[in-house]
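What follows is the content of model.pdb, which has PDB, C-alpha atoms:
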ATOM      1  CA  MET Q   1     103.768 148.209 104.221  1.00  0.00           C
ATOM      2  CA  LEU Q   2     105.664 145.523 106.100  1.00  0.00           C
ATOM      3  CA  GLN Q   3     106.792 146.301 109.603  1.00  0.00           C
ATOM      4  CA  TRP Q   4     110.070 145.112 111.103  1.00  0.00           C
ATOM      5  CA  GLY Q   5     108.336 142.711 113.513  1.00  0.00           C
ATOM      6  CA  LYS Q   6     106.433 140.980 110.734  1.00  0.00           C
ATOM      7  CA  ARG Q   7     109.583 140.531 108.653  1.00  0.00           C
ATOM      8  CA  CYS Q   8     111.428 139.088 111.655  1.00  0.00           C
ATOM      9  CA  PHE Q   9     108.534 136.700 112.250  1.00  0.00           C
ATOM     10  CA  VAL Q  10     108.667 135.490 108.657  1.00  0.00           C
ATOM     11  CA  SER Q  11     112.441 135.043 108.836  1.00  0.00           C
ATOM     12  CA  ALA Q  12     112.066 133.222 112.149  1.00  0.00           C
ATOM     13  CA  LYS Q  13     109.490 130.977 110.495  1.00  0.00           C
ATOM     14  CA  ALA Q  14     111.981 130.078 107.747  1.00  0.00           C
ATOM     15  CA  ILE Q  15     114.583 129.281 110.393  1.00  0.00           C
ATOM     16  CA  GLU Q  16     112.075 127.130 112.290  1.00  0.00           C
ATOM     17  CA  GLN Q  17     111.279 125.233 109.095  1.00  0.00           C
ATOM     18  CA  TRP Q  18     114.975 124.671 108.481  1.00  0.00           C
ATOM     19  CA  ALA Q  19     115.414 123.434 112.084  1.00  0.00           C
ATOM     20  CA  TRP Q  20     112.570 120.987 111.469  1.00  0.00           C
ATOM     21  CA  VAL Q  21     114.280 119.698 108.307  1.00  0.00           C
ATOM     22  CA  VAL Q  22     117.570 119.295 110.196  1.00  0.00           C
ATOM     23  CA  SER Q  23     115.854 117.380 113.008  1.00  0.00           C
ATOM     24  CA  LEU Q  24     114.228 115.110 110.418  1.00  0.00           C
ATOM     25  CA  GLU Q  25     117.614 114.431 108.844  1.00  0.00           C
ATOM     26  CA  GLN Q  26     119.010 113.545 112.271  1.00  0.00           C
ATOM     27  CA  PHE Q  27     116.087 111.148 112.700  1.00  0.00           C
ATOM     28  CA  PHE Q  28     116.742 109.651 109.257  1.00  0.00           C
ATOM     29  CA  ALA Q  29     120.432 109.237 110.079  1.00  0.00           C
ATOM     30  CA  GLY Q  30     119.469 107.387 113.264  1.00  0.00           C
ATOM     31  CA  VAL Q  31     117.150 105.088 111.331  1.00  0.00           C
ATOM     32  CA  GLN Q  32     119.884 104.406 108.770  1.00  0.00           C
ATOM     33  CA  SER Q  33     122.416 103.657 111.486  1.00  0.00           C
ATOM     34  CA  ARG Q  34     120.105 101.278 113.332  1.00  0.00           C
ATOM     35  CA  ALA Q  35     119.078  99.586 110.086  1.00  0.00           C
ATOM     36  CA  GLN Q  36     122.646  98.319 109.709  1.00  0.00           C
ATOM     37  CA  ASP Q  37     122.015  95.948 112.624  1.00  0.00           C
ATOM     38  CA  LEU Q  38     118.951  94.368 110.996  1.00  0.00           C
ATOM     39  CA  PRO Q  39     118.896  91.166 108.973  1.00  0.00           C
ATOM     40  CA  GLU Q  40     119.433  91.834 105.238  1.00  0.00           C
ATOM     41  CA  GLU Q  41     115.768  91.597 104.190  1.00  0.00           C
ATOM     42  CA  GLN Q  42     114.556  93.915 106.950  1.00  0.00           C
ATOM     43  CA  ARG Q  43     117.475  96.307 106.377  1.00  0.00           C
ATOM     44  CA  GLN Q  44     116.587  96.672 102.677  1.00  0.00           C
ATOM     45  CA  GLU Q  45     112.940  97.270 103.522  1.00  0.00           C
ATOM     46  CA  VAL Q  46     113.850  99.978 106.038  1.00  0.00           C
ATOM     47  CA  LEU Q  47     116.397 101.608 103.711  1.00  0.00           C
ATOM     48  CA  ASN Q  48     113.865 101.649 100.852  1.00  0.00           C
ATOM     49  CA  ARG Q  49     111.316 103.350 103.104  1.00  0.00           C
ATOM     50  CA  LEU Q  50     113.986 105.754 104.289  1.00  0.00           C
ATOM     51  CA  GLU Q  51     114.741 106.748 100.707  1.00  0.00           C
ATOM     52  CA  LEU Q  52     111.029 107.392 100.101  1.00  0.00           C
ATOM     53  CA  ALA Q  53     110.829 109.506 103.264  1.00  0.00           C
ATOM     54  CA  ARG Q  54     113.829 111.609 102.225  1.00  0.00           C
ATOM     55  CA  GLU Q  55     112.342 112.159  98.765  1.00  0.00           C
ATOM     56  CA  PHE Q  56     109.033 113.173 100.334  1.00  0.00           C
ATOM     57  CA  VAL Q  57     110.665 115.695 102.690  1.00  0.00           C
ATOM     58  CA  GLY Q  58     112.799 117.211  99.959  1.00  0.00           C
ATOM     59  CA  THR Q  59     116.116 118.946 100.170  1.00  0.00           C
ATOM     60  CA  GLN Q  60     118.285 118.843 103.240  1.00  0.00           C
ATOM     61  CA  ASP Q  61     120.865 121.165 101.706  1.00  0.00           C
ATOM     62  CA  PRO Q  62     120.770 124.541 103.509  1.00  0.00           C
ATOM     63  CA  LEU Q  63     121.768 126.455 100.383  1.00  0.00           C
ATOM     64  CA  GLU Q  64     118.938 124.941  98.326  1.00  0.00           C
ATOM     65  CA  PHE Q  65     116.520 125.551 101.189  1.00  0.00           C
ATOM     66  CA  PHE Q  66     117.607 129.199 101.437  1.00  0.00           C
ATOM     67  CA  ARG Q  67     117.371 129.741  97.684  1.00  0.00           C
ATOM     68  CA  ALA Q  68     113.830 128.368  97.652  1.00  0.00           C
ATOM     69  CA  TRP Q  69     112.720 130.568 100.559  1.00  0.00           C
ATOM     70  CA  LYS Q  70     110.728 133.632  99.506  1.00  0.00           C
ATOM     71  CA  THR Q  71     110.354 136.902 101.331  1.00  0.00           C
ATOM     72  CA  PRO Q  72     106.821 138.157 101.977  1.00  0.00           C
ATOM     73  CA  VAL Q  73     107.240 140.708  99.180  1.00  0.00           C
ATOM     74  CA  GLU Q  74     108.300 137.962  96.755  1.00  0.00           C
ATOM     75  CA  ARG Q  75     105.347 135.813  97.783  1.00  0.00           C
ATOM     76  CA  TYR Q  76     102.603 138.402  97.841  1.00  0.00           C
ATOM     77  CA  LEU Q  77     103.515 141.027  95.272  1.00  0.00           C
ATOM     78  CA  PRO Q  78     100.305 141.628  93.284  1.00  0.00           C
ATOM     79  CA  LEU Q  79     100.526 140.771  89.605  1.00  0.00           C
ATOM     80  CA  SER Q  80      99.458 144.303  88.710  1.00  0.00           C
ATOM     81  CA  MET Q  81     102.690 145.552  90.310  1.00  0.00           C
ATOM     82  CA  GLN Q  82     104.852 143.109  88.311  1.00  0.00           C
ATOM     83  CA  LYS Q  83     104.038 144.473  84.841  1.00  0.00           C
ATOM     84  CA  ASP Q  84     106.658 145.902  82.501  1.00  0.00           C
ATOM     85  CA  GLY Q  85     109.613 144.481  84.422  1.00  0.00           C
ATOM     86  CA  SER Q  86     108.974 146.812  87.367  1.00  0.00           C
ATOM     87  CA  LYS Q  87     108.929 144.007  89.920  1.00  0.00           C
ATOM     88  CA  ILE Q  88     112.345 144.804  91.380  1.00  0.00           C
ATOM     89  CA  SER Q  89     111.790 148.547  91.685  1.00  0.00           C
ATOM     90  CA  VAL Q  90     108.354 148.010  93.219  1.00  0.00           C
ATOM     91  CA  MET Q  91     109.781 145.501  95.704  1.00  0.00           C
ATOM     92  CA  HIS Q  92     112.416 148.005  96.816  1.00  0.00           C
ATOM     93  CA  SER Q  93     109.858 150.794  97.100  1.00  0.00           C
ATOM     94  CA  LEU Q  94     107.807 148.696  99.532  1.00  0.00           C
ATOM     95  CA  LEU Q  95     110.689 148.266 101.952  1.00  0.00           C
ATOM     96  CA  PRO Q  96     111.162 150.941 104.625  1.00  0.00           C
ATOM     97  CA  LEU Q  97     114.348 152.998 104.409  1.00  0.00           C
TER      98      LEU Q  97
END

Since I need it in another form, could you write the structure as structure tokens?
Amino acid sequence: MLQWGKRCFVSAKAIEQWAWVVSLEQFFAGVQSRAQDLPEEQRQEVLNRLELAREFVGTQDPLEFFRAWKTPVERYLPLSMQKDGSKISVMHSLLPL
């Protein structure tokens, strides 16, 4: 059974990952801003690379990030416990009251 400390750690990990994504977006915004001062050819090269970097990193939308995040129970629920549509009831039974 999951303990409170482990669940907090996992949630903290998700928040840390989000903070990392936000810091990357701030970096990307800085690159984009500085690219405006470059000659046209260099600016296009930098902006093309910036687009590739953003695609590689993925979403920077907090709602999408949150929706994609999975709790430990969602990640590690054994397949044998998911049969016959019982996934939700099993998930709730694993959580402490």

If I take CA of Gln60 in chain Q and CA of Trp18 in chain Q, how far is one from the other in Å, to one decimal? 8.5 Å

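Atom to atom, CA of Phe28 in chain Q and CA of Arg54 in chain Q stand 7.9 Å apart.
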
Test item: residues at most 9 Å from Val21 in chain Q, all atoms listed in the file, excluding those fewer than 2 positions along its chain, as a count of residues only: 12

Excluding Ala35 in chain Q and its own-chain neighbours fewer than 6 positions away, which residues fall within 9 Å of it when counting only C-alpha atoms? Please give them as a ChimeraX atom specification. /Q:42-44,46-47

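Among the candidate residues Q:Leu63, Q:Val73, Q:Ala12, Q:Leu50, the one lying nearest to Val31 in chain Q is Q:Leu50, with distances computed using only C-alpha atoms.
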